Amino acid sequence: MKFIIFPSKMPTTQQQKGVTKRNGKLIFYNRRGTENVELQGLLRKKAPKTPVPKGVPIILNVIFNFKHQKKSLWGRYKETRPDLDNLMKNLQDYMTKLGYYTDDSQIVVLCASKFYGQRHSIEIDIEEVKT
């Protein structure tokens, strides 16, 4: 299954969420704009009717394209924040909850990259491993 989504803004990471301490306990909360509601909605529209069954290994390939005005940067790697591994954590959690696959542990190959591009986009390719 291969598809591309076009969010109006790129997703926020867990590190961009808020933390406060009350009565000696740490409390995590969503700062305004960090719920990734749009991303979840776009993923929900593309969700498969049935998830890849448990026990079936998969390859997950994700390309993040960050909008940039300078055409000279298009296609170049984005070496600045947000961190790629943190972008992947939220995306994988949403994909698990929305039924793309049964469990994150099914992912045996993970390829992710982030580039500058003409517009924000996330390309996702999920392949079952043929054994």
# chains A, B, ... in the order shown; residues from 1 in each chain; ligands from 1
call {"tool": "residues_around", "arguments": {"residues": "Val62 in chain A", "least_positions_apart": "5", "cutoff": "8 Å", "atoms": "only C-alpha atoms", "output": "PyMOL selection string"}}
result
chain A and resi 111-113+122-125
call {"tool": "residues_around", "arguments": {"residues": "Lys71 in chain A", "least_positions_apart": "4", "cutoff": "10 Å", "atoms": "only C-alpha atoms", "output": "list in words"}}
result
Lys67, Gly75, Tyr116, Gly117 and Gln118 of chain A
call {"tool": "closest_residue", "arguments": {"among": "A:Asp104, A:Glu35, A:Asp93, A:Asp85", "to": "Gly18 in chain A", "atoms": "only C-alpha atoms"}}
result
A:Glu35
call {"tool": "select_by_dssp", "arguments": {"residues": "chain A", "states": "helix (DSSP H, G or I)", "output": "number ranges by chain"}}
result
A: 14-16, 37-46, 71-73, 84-97, 104-106
call {"tool": "write_last_selection", "arguments": {"atoms": "N, CA, C and O atoms", "output": "compact mmCIF listing (two decimals), in the first residue's frame"}}
result
# COMPACT_ATOMS: atom_id res chain seq x y z
N GLN A 14 6.57 14.55 19.98
CA GLN A 14 6.29 14.41 21.40
C GLN A 14 7.09 15.44 22.20
O GLN A 14 6.62 15.95 23.20
N GLN A 15 8.29 15.77 21.75
CA GLN A 15 9.15 16.71 22.46
C GLN A 15 8.60 18.13 22.43
O GLN A 15 8.99 18.97 23.22
N GLN A 16 7.70 18.42 21.50
CA GLN A 16 7.13 19.75 21.40
C GLN A 16 5.91 19.91 22.30
O GLN A 16 5.34 20.98 22.38
N VAL A 37 -4.20 16.83 14.82
CA VAL A 37 -5.55 16.44 14.42
C VAL A 37 -5.64 16.27 12.90
O VAL A 37 -6.23 15.30 12.41
N GLU A 38 -5.04 17.20 12.17
CA GLU A 38 -5.10 17.13 10.71
C GLU A 38 -4.41 15.86 10.20
O GLU A 38 -4.95 15.15 9.34
N LEU A 39 -3.23 15.56 10.75
CA LEU A 39 -2.50 14.36 10.34
C LEU A 39 -3.34 13.10 10.60
O LEU A 39 -3.45 12.23 9.74
N GLN A 40 -3.92 13.03 11.78
CA GLN A 40 -4.75 11.86 12.11
C GLN A 40 -5.93 11.74 11.15
O GLN A 40 -6.27 10.63 10.72
N GLY A 41 -6.55 12.86 10.80
CA GLY A 41 -7.67 12.84 9.86
C GLY A 41 -7.25 12.37 8.48
O GLY A 41 -7.95 11.57 7.84
N LEU A 42 -6.11 12.85 8.00
CA LEU A 42 -5.61 12.43 6.68
C LEU A 42 -5.26 10.94 6.68
O LEU A 42 -5.56 10.22 5.71
N LEU A 43 -4.66 10.46 7.76
CA LEU A 43 -4.33 9.03 7.86
C LEU A 43 -5.59 8.18 7.95
O LEU A 43 -5.65 7.10 7.39
N ARG A 44 -6.60 8.68 8.65
CA ARG A 44 -7.86 7.95 8.80
C ARG A 44 -8.51 7.73 7.43
O ARG A 44 -9.06 6.65 7.16
N LYS A 45 -8.44 8.74 6.56
CA LYS A 45 -9.04 8.62 5.22
C LYS A 45 -8.35 7.55 4.38
O LYS A 45 -8.99 6.93 3.54
N LYS A 46 -7.07 7.34 4.59
CA LYS A 46 -6.30 6.37 3.80
C LYS A 46 -6.19 5.00 4.47
O LYS A 46 -5.58 4.08 3.92
N LYS A 71 13.79 27.35 -4.26
CA LYS A 71 13.78 26.20 -5.16
C LYS A 71 15.12 25.48 -5.15
O LYS A 71 15.20 24.28 -5.39
N SER A 72 16.20 26.21 -4.86
CA SER A 72 17.53 25.60 -4.85
C SER A 72 17.67 24.54 -3.75
O SER A 72 18.54 23.67 -3.84
N LEU A 73 16.82 24.60 -2.72
CA LEU A 73 16.88 23.61 -1.64
C LEU A 73 16.02 22.38 -1.90
O LEU A 73 16.18 21.36 -1.25
N LEU A 84 14.09 13.30 12.99
CA LEU A 84 13.39 12.29 12.19
C LEU A 84 12.82 11.17 13.05
O LEU A 84 11.68 10.73 12.84
N ASP A 85 13.58 10.70 14.03
CA ASP A 85 13.08 9.59 14.87
C ASP A 85 11.85 10.02 15.67
O ASP A 85 10.93 9.22 15.87
N ASN A 86 11.80 11.27 16.10
CA ASN A 86 10.63 11.74 16.84
C ASN A 86 9.41 11.92 15.94
O ASN A 86 8.28 11.67 16.36
N LEU A 87 9.63 12.33 14.69
CA LEU A 87 8.52 12.39 13.73
C LEU A 87 7.94 10.99 13.51
O LEU A 87 6.73 10.81 13.43
N MET A 88 8.82 10.00 13.42
CA MET A 88 8.38 8.62 13.16
C MET A 88 7.59 8.04 14.32
O MET A 88 6.65 7.29 14.11
N LYS A 89 7.96 8.37 15.56
CA LYS A 89 7.27 7.81 16.72
C LYS A 89 5.78 8.15 16.68
O LYS A 89 4.94 7.25 16.83
N ASN A 90 5.46 9.42 16.50
CA ASN A 90 4.05 9.80 16.45
C ASN A 90 3.33 9.17 15.26
O ASN A 90 2.23 8.66 15.39
N LEU A 91 3.97 9.20 14.10
CA LEU A 91 3.36 8.63 12.90
C LEU A 91 3.06 7.14 13.09
O LEU A 91 1.97 6.67 12.79
N GLN A 92 4.03 6.39 13.63
CA GLN A 92 3.81 4.96 13.85
C GLN A 92 2.70 4.71 14.85
O GLN A 92 1.90 3.79 14.68
N ASP A 93 2.64 5.51 15.91
CA ASP A 93 1.56 5.35 16.89
C ASP A 93 0.19 5.58 16.26
O ASP A 93 -0.73 4.81 16.47
N TYR A 94 0.07 6.63 15.46
CA TYR A 94 -1.21 6.91 14.79
C TYR A 94 -1.57 5.78 13.83
O TYR A 94 -2.73 5.36 13.75
N MET A 95 -0.59 5.28 13.08
CA MET A 95 -0.87 4.22 12.10
C MET A 95 -1.30 2.93 12.80
O MET A 95 -2.15 2.21 12.29
N THR A 96 -0.72 2.63 13.96
CA THR A 96 -1.13 1.45 14.72
C THR A 96 -2.57 1.62 15.21
O THR A 96 -3.40 0.73 15.04
N LYS A 97 -2.87 2.78 15.79
CA LYS A 97 -4.22 3.04 16.32
C LYS A 97 -5.28 3.01 15.22
O LYS A 97 -6.41 2.61 15.45
N ASP A 104 3.44 -2.34 16.17
CA ASP A 104 4.70 -1.77 15.70
C ASP A 104 5.80 -2.82 15.54
O ASP A 104 6.71 -2.65 14.74
N SER A 105 5.71 -3.88 16.32
CA SER A 105 6.76 -4.91 16.28
C SER A 105 6.81 -5.63 14.93
O SER A 105 7.79 -6.32 14.64
N GLN A 106 5.78 -5.48 14.11
CA GLN A 106 5.77 -6.10 12.77
C GLN A 106 6.76 -5.43 11.83
O GLN A 106 7.14 -6.01 10.82
call {"tool": "closest_residue", "arguments": {"among": "A:Ile107, A:Gly24, A:Tyr77, A:Val19", "to": "Ile63 in chain A", "atoms": "only C-alpha atoms"}}
result
A:Tyr77
call {"tool": "select_by_dssp", "arguments": {"residues": "range 2-122 of chain A", "states": "strand (DSSP E)", "output": "MDAnalysis selection string"}}
result
chainID A and resid 2:5 18:22 25:29 58:67 107:117 121:122
call {"tool": "closest_residue", "arguments": {"among": "A:Phe64, A:Tyr29, A:Phe115, A:Tyr101", "to": "Pro51 in chain A", "atoms": "only C-alpha atoms"}}
result
A:Tyr101
call {"tool": "atom_distance", "arguments": {"atom1": "CA of Pro82 in chain A", "atom2": "CA of Ile59 in chain A"}}
result
23.0 Å
call {"tool": "closest_residue", "arguments": {"among": "A:Met1, A:Met10, A:Val129, A:Val109", "to": "Leu60 in chain A", "atoms": "only C-alpha atoms"}}
result
A:Val109
call {"tool": "residues_around", "arguments": {"residues": "Ser121 in chain A", "least_positions_apart": "5", "cutoff": "6 Å", "atoms": "only C-alpha atoms", "output": "ChimeraX atom specification"}}
result
/A:5-6,65
call {"tool": "closest_residue", "arguments": {"among": "A:Arg119, A:Lys114, A:Thr12, A:Thr102", "to": "Ile58 in chain A", "atoms": "only C-alpha atoms"}}
result
A:Thr102
call {"tool": "atom_distance", "arguments": {"atom1": "CA of Asn36 in chain A", "atom2": "CA of Lys70 in chain A"}}
result
26.2 Å
call {"tool": "residues_around", "arguments": {"residues": "Lys49 in chain A", "least_positions_apart": "5", "cutoff": "10 Å", "atoms": "only C-alpha atoms", "output": "ChimeraX atom specification"}}
result
/A:98-100
call {"tool": "write_last_selection", "arguments": {"atoms": "C-alpha atoms", "output": "PDB file, in the first residue's frame"}}
result
ATOM      1  CA  LEU A  98      -5.875   3.538  12.910  1.00  0.00           C
ATOM      2  CA  GLY A  99      -5.367  -0.100  11.874  1.00  0.00           C
ATOM      3  CA  TYR A 100      -2.637   0.000   9.227  1.00  0.00           C
TER       4      TYR A 100
END
call {"tool": "atom_distance", "arguments": {"atom1": "CA of Leu110 in chain A", "atom2": "CA of Glu127 in chain A"}}
result
10.8 Å
